Amino acid sequence: MYTRHVLRFTFALALIATLLSWAGGAVRGDAPVPNANPRPLTTSDGVPVLLKVEAPRPDGNRAALRLRPLAAGSDHACAILADDRVICWGENNWGQLGVSGMTSVPFPVFVQGLRGTPVNLAAGEEHTCAILTDGRVQCWGGNASGQLGNGTTSWTPHPAPVFVSGLAGKAIDLTAGSWHTCALLADGHVQCWGANITGQLGNGTTTDRSRPVTVDLPGPATWITAGCNHTCALLADGRMYCWGWNSRGQLGVSGIDQSDTPVQVTAVSGRGETIEAGCNHTCAAYRDPQGTPRLSCWGWDGLLQMPAAGSRNVTVLLMRAGMGHTCILTADHSLLCWGWNRYGQLGDGTTVSRHEPAPVLGMSRDVFYMATSAGAEHTCAVLDDGRGFCWGSNRWGQLGNGSLTLSPVPRRVFDLGAVRDVSAGNNFTCAVATNGSLWCWGQRFNTSLMDDTSAPTRLASPASGVVDVATGESHSCVLMADGGLRCWGDNRYGQLGDGSTTLSTTPVAVQHLGGQAKAVRVGKDFSCALLTNGTVTCWGHNNRGQLGVGSHEDHHLPVAVTALGPAKSIGVGARHACAVLTNGSVYCWGANTFGQIGDGSTQERTSPVRVNLPAPARSVTAGDDHTCALLQNGQVWCWGTNGQGQLGHPSVGWESDRPVQVQNLGGAATALDAGGYTTCAVVGGGVRCWGWNAYGQVGDGTYWTRTLPTAAFEP
């Protein structure tokens with residue numbers, strides 16, 4: 001599938017796709033690839049994403065409340081779905097969403113590489129961590145201070161989850177500050193790792209640690225929480241201890257600027273029930289010596305973090321604190337917030353900061369869980385039925401609703417439902433849901449989309465439904481269930497196939513196909529279709545012979561490719577096209593500047609010529625100026641330009657006008673796709689990619705060009 005700049009975000013290969021990418025199309029092979037993660041979750045016609053909800057819902061039981069299915073970092077958020085997969089959305093400059101190649105994502109994408117079932121999440125400034133059912137912890141994202149806990153530090157993004165090494169036992173709870181992380185172990189010990197400049201690791205030093213160190217507490221802990229640069233714990237006997245930065249009194253003691261060992265909170269008197277650290281303030285729910293339930297806060301009040309009435313008579317089940325705001329879930333499951341509200345993070349429908357706790361609009365009596373974080377300007381909640389809501393700042397898409405607009409009222413995080421196919425063009429992407437609906441999002445470009453939008457928009461489609469989609473530089477086409485084709489966007493060369501050169505912002509029917517189409521592919525400014533009888537037809541621009549009709553004349557209606565037997569698969573590049581015939585032979589035609597036709601020359605071909613391959617082919621795919629074939633024996637052979645290593649054969653040089661076998665594939669491939677200057681294959685259930693990687697499209701957690709297949713996803 002042609003893409004002008006970059007292969008679609010790599011995981012789209014096996015429809016393991018995030019559906020947001022820089023270019024590409026759907027995976028092509030003998031059979032459909034199961035729709036697996038990751039796929040994006042965003043606005044649909046009423047199908048909400050369901051988040052992890054444990055039954056029974058939380059009450060006063062601290063163990064139940066340690067379940068954290070939702071975590072909000074500074075400008076990102078993550079959640080555990082009902083099916084135990086993890087999604088993240090928002091800022092991604094350090095890979096904290098668990099995907100590479102994107103600086104921010106305004107709707108959720110699936111995290112890849114978790115090696116077990118997640119039960120708990122924590123999100124910091126630039127990193128995210130998860131506890132698995134076996135008590136191990138995996139982290140991903142920024143690691144400049146060692147906050148991933150794997151014994152290393154790095155100034156490069158690390159979107160692939162790594163195991164925390166050196167935990168002294170099974171983790172049952174997790175919390176993250178700006179650049180440090182702490183885990184509560186099953187035996188009550190607390191271990192921390194990462195940044196330690198203010199003593200927030202609690203091990204008696206101010207030295208950063210890339211592996212867990214034990215906090216010297218006077219008894220077993222039952223609850224932990226981290227602020228920007230301080231940490232607190234609730235002990236089993238109700239005492240509360242804090243350590244780290246104390247410039248604003250956030251440790252609950254006076255007379256010190258910081259402490260690298262735990263100090264007992266003296267700001268309140270009583271038995272603690274829960275404690276929560278904001279960036280520079282701390283709040284606690286406790287029972288005073290008379291047994292009356294109380295809520296108190298201490299530390300910085302510059303953003304109205306302290307409740308107006310001071311210590312309040314209220315029973316708190318759950319509490320979360322952000323940079324300047326705090327929210328509580330009360331015994332009747334009401335959700336109240338107070339403090340800084342510049343971005344609407346209180347959820348009361350205004351942007352007015354307040355000392356007095358106020359109800360979050362629409363969140364009465366049915367909240368199961370909520371999440372804010374130190375440094376955060378947004379808040380999220382999960383309802384009893386599993387629906388997720390977020391509100392507040394949205395500059396990086398951290399609300400997960402597909403937009404970048406702040407919201408002072410809760411907005412739902414939604415789901416497209418199961419996705420059948422995905423294709424991405426120059427700066428936009430389209431997806432087909434299993435119900436036949438068509439969704440597109442991205443940059444308006446010659447009206448290939450009707451408007452710029454970061455949220456998927458449903459396009460009107462006939463009642464028969466959409467089964468396949470293909471996108472090019474500035475136009476798109478869909479295959480309908482009734483065998484018809486519809487295209488929209490730029491049409492200056494007749495690439496919409498309706499007999500005109502008039503652009504269209506709505507899908508128009510491709511003429512003269514008789515409802516016999518079974519596949520469609522789109523190039524830079526031309527289109528091709530495979531019919532049920534094996535005929536290949538093309539239309540649009542023909543300046544390089546890419547229509548395969550023996551001439552350079554543009555055609556505004558489909559014309560059959562000449563001298564070509566019945567085909568079973570087609571692939572389209574920027575200005576060339578190829579087909580696999582039913583006997584497994586491969587033929588190509590069109591532009592050949594880099595040898596992408598594969599006939600041993602660089603001569604342009606206006607009619608199909610055969611490519612000499614060592615075995616019958618199963619499918620063919622094309623990038624901008626290179627082509628690859630998946631053989632029936634599982635080998636992959638490529639030809640054309642190799643300037644970015646997209647042929648997977650580093651000894652070839654800059655280009656090859658004959659097929660060369662991809663090296664170090666690691667097994668038999670079952671699916672293959674190419675786009676731009678990158679190629680990917682499904683091998684053994686995993687994904688291996690090679691070629692240009694400037695935007696992380698190889699998916700290996702780096703931005704280095706790869707001349708040999710590299711693991712992007714392992715099953």
# chains A, B, ... in the order shown; residues from 1 in each chain; ligands from 1
>>> residues_around(residues="Cys628 (chain A)", least_positions_apart="5", cutoff="7 Å", atoms="only C-alpha atoms", output="PyMOL selection string")
chain A and resi 620-622+636-639
>>> closest_residue(among="A:Thr471, A:Asn196, A:Asn394, A:Thr641", to="Phe594 (chain A)", atoms="only C-alpha atoms")
A:Thr641
>>> residues_around(residues="Gly600 (chain A)", least_positions_apart="5", cutoff="10 Å", atoms="only C-alpha atoms", output="PDB file with all heavy atoms, in the first residue's frame")
ATOM      1  N   GLY A 595      14.120   0.182  -9.772  1.00  0.00           N
ATOM      2  CA  GLY A 595      14.042  -1.264  -9.966  1.00  0.00           C
ATOM      3  C   GLY A 595      12.860  -1.900  -9.275  1.00  0.00           C
ATOM      4  O   GLY A 595      12.827  -3.118  -9.086  1.00  0.00           O
ATOM      5  N   VAL A 611       8.074 -11.013 -12.752  1.00  0.00           N
ATOM      6  CA  VAL A 611       9.168 -10.947 -11.788  1.00  0.00           C
ATOM      7  C   VAL A 611       9.656 -12.368 -11.540  1.00  0.00           C
ATOM      8  O   VAL A 611       8.851 -13.276 -11.288  1.00  0.00           O
ATOM      9  CB  VAL A 611       8.707 -10.314 -10.459  1.00  0.00           C
ATOM     10  CG1 VAL A 611       9.865 -10.228  -9.475  1.00  0.00           C
ATOM     11  CG2 VAL A 611       8.100  -8.935 -10.702  1.00  0.00           C
ATOM     12  N   ASN A 612      10.951 -12.560 -11.622  1.00  0.00           N
ATOM     13  CA  ASN A 612      11.526 -13.892 -11.459  1.00  0.00           C
ATOM     14  C   ASN A 612      11.738 -14.189  -9.974  1.00  0.00           C
ATOM     15  O   ASN A 612      12.650 -13.668  -9.338  1.00  0.00           O
ATOM     16  CB  ASN A 612      12.851 -13.998 -12.213  1.00  0.00           C
ATOM     17  CG  ASN A 612      13.421 -15.410 -12.173  1.00  0.00           C
ATOM     18  OD1 ASN A 612      12.697 -16.366 -11.934  1.00  0.00           O
ATOM     19  ND2 ASN A 612      14.720 -15.535 -12.401  1.00  0.00           N
ATOM     20  N   TRP A 639      12.390  -6.062  -3.679  1.00  0.00           N
ATOM     21  CA  TRP A 639      13.194  -5.424  -4.717  1.00  0.00           C
ATOM     22  C   TRP A 639      12.812  -3.949  -4.832  1.00  0.00           C
ATOM     23  O   TRP A 639      11.768  -3.519  -4.345  1.00  0.00           O
ATOM     24  CB  TRP A 639      13.017  -6.157  -6.053  1.00  0.00           C
ATOM     25  CG  TRP A 639      11.594  -6.280  -6.545  1.00  0.00           C
ATOM     26  CD1 TRP A 639      10.956  -5.461  -7.422  1.00  0.00           C
ATOM     27  CD2 TRP A 639      10.643  -7.296  -6.189  1.00  0.00           C
ATOM     28  NE1 TRP A 639       9.654  -5.893  -7.641  1.00  0.00           N
ATOM     29  CE2 TRP A 639       9.450  -7.025  -6.911  1.00  0.00           C
ATOM     30  CE3 TRP A 639      10.667  -8.409  -5.348  1.00  0.00           C
ATOM     31  CZ2 TRP A 639       8.303  -7.813  -6.803  1.00  0.00           C
ATOM     32  CZ3 TRP A 639       9.526  -9.196  -5.239  1.00  0.00           C
ATOM     33  CH2 TRP A 639       8.375  -8.900  -5.958  1.00  0.00           C
ATOM     34  N   SER A 656      17.934  -2.591  -5.677  1.00  0.00           N
ATOM     35  CA  SER A 656      18.071  -3.854  -6.389  1.00  0.00           C
ATOM     36  C   SER A 656      16.946  -3.968  -7.402  1.00  0.00           C
ATOM     37  O   SER A 656      15.772  -3.827  -7.036  1.00  0.00           O
ATOM     38  CB  SER A 656      18.024  -5.043  -5.426  1.00  0.00           C
ATOM     39  OG  SER A 656      18.074  -6.267  -6.141  1.00  0.00           O
ATOM     40  N   ASP A 657      17.309  -4.206  -8.676  1.00  0.00           N
ATOM     41  CA  ASP A 657      16.279  -4.338  -9.710  1.00  0.00           C
ATOM     42  C   ASP A 657      15.825  -5.778  -9.881  1.00  0.00           C
ATOM     43  O   ASP A 657      15.055  -6.090 -10.789  1.00  0.00           O
ATOM     44  CB  ASP A 657      16.753  -3.753 -11.043  1.00  0.00           C
ATOM     45  CG  ASP A 657      18.068  -4.355 -11.529  1.00  0.00           C
ATOM     46  OD1 ASP A 657      18.410  -5.461 -11.079  1.00  0.00           O
ATOM     47  OD2 ASP A 657      18.748  -3.700 -12.351  1.00  0.00           O
ATOM     48  N   ARG A 658      16.299  -6.655  -8.988  1.00  0.00           N
ATOM     49  CA  ARG A 658      15.847  -8.046  -8.967  1.00  0.00           C
ATOM     50  C   ARG A 658      15.528  -8.428  -7.521  1.00  0.00           C
ATOM     51  O   ARG A 658      16.108  -7.875  -6.579  1.00  0.00           O
ATOM     52  CB  ARG A 658      16.922  -8.983  -9.526  1.00  0.00           C
ATOM     53  CG  ARG A 658      17.267  -8.738 -10.981  1.00  0.00           C
ATOM     54  CD  ARG A 658      18.323  -9.729 -11.463  1.00  0.00           C
ATOM     55  NE  ARG A 658      18.788  -9.401 -12.807  1.00  0.00           N
ATOM     56  CZ  ARG A 658      18.177  -9.788 -13.919  1.00  0.00           C
ATOM     57  NH1 ARG A 658      17.076 -10.528 -13.834  1.00  0.00           N
ATOM     58  NH2 ARG A 658      18.655  -9.448 -15.101  1.00  0.00           N
ATOM     59  N   PRO A 659      14.637  -9.390  -7.318  1.00  0.00           N
ATOM     60  CA  PRO A 659      14.279  -9.787  -5.958  1.00  0.00           C
ATOM     61  C   PRO A 659      15.470 -10.332  -5.170  1.00  0.00           C
ATOM     62  O   PRO A 659      16.301 -11.071  -5.697  1.00  0.00           O
ATOM     63  CB  PRO A 659      13.231 -10.877  -6.173  1.00  0.00           C
ATOM     64  CG  PRO A 659      12.665 -10.594  -7.520  1.00  0.00           C
ATOM     65  CD  PRO A 659      13.814 -10.065  -8.332  1.00  0.00           C
TER      66      PRO A 659
END
>>> atom_distance(atom1="CA of Phe526 (chain A)", atom2="CA of Val432 (chain A)")
21.4 Å
>>> closest_residue(among="A:Ser296, A:Ser393, A:Thr350, A:Ser178", to="Cys279 (chain A)", atoms="only C-alpha atoms")
A:Ser178
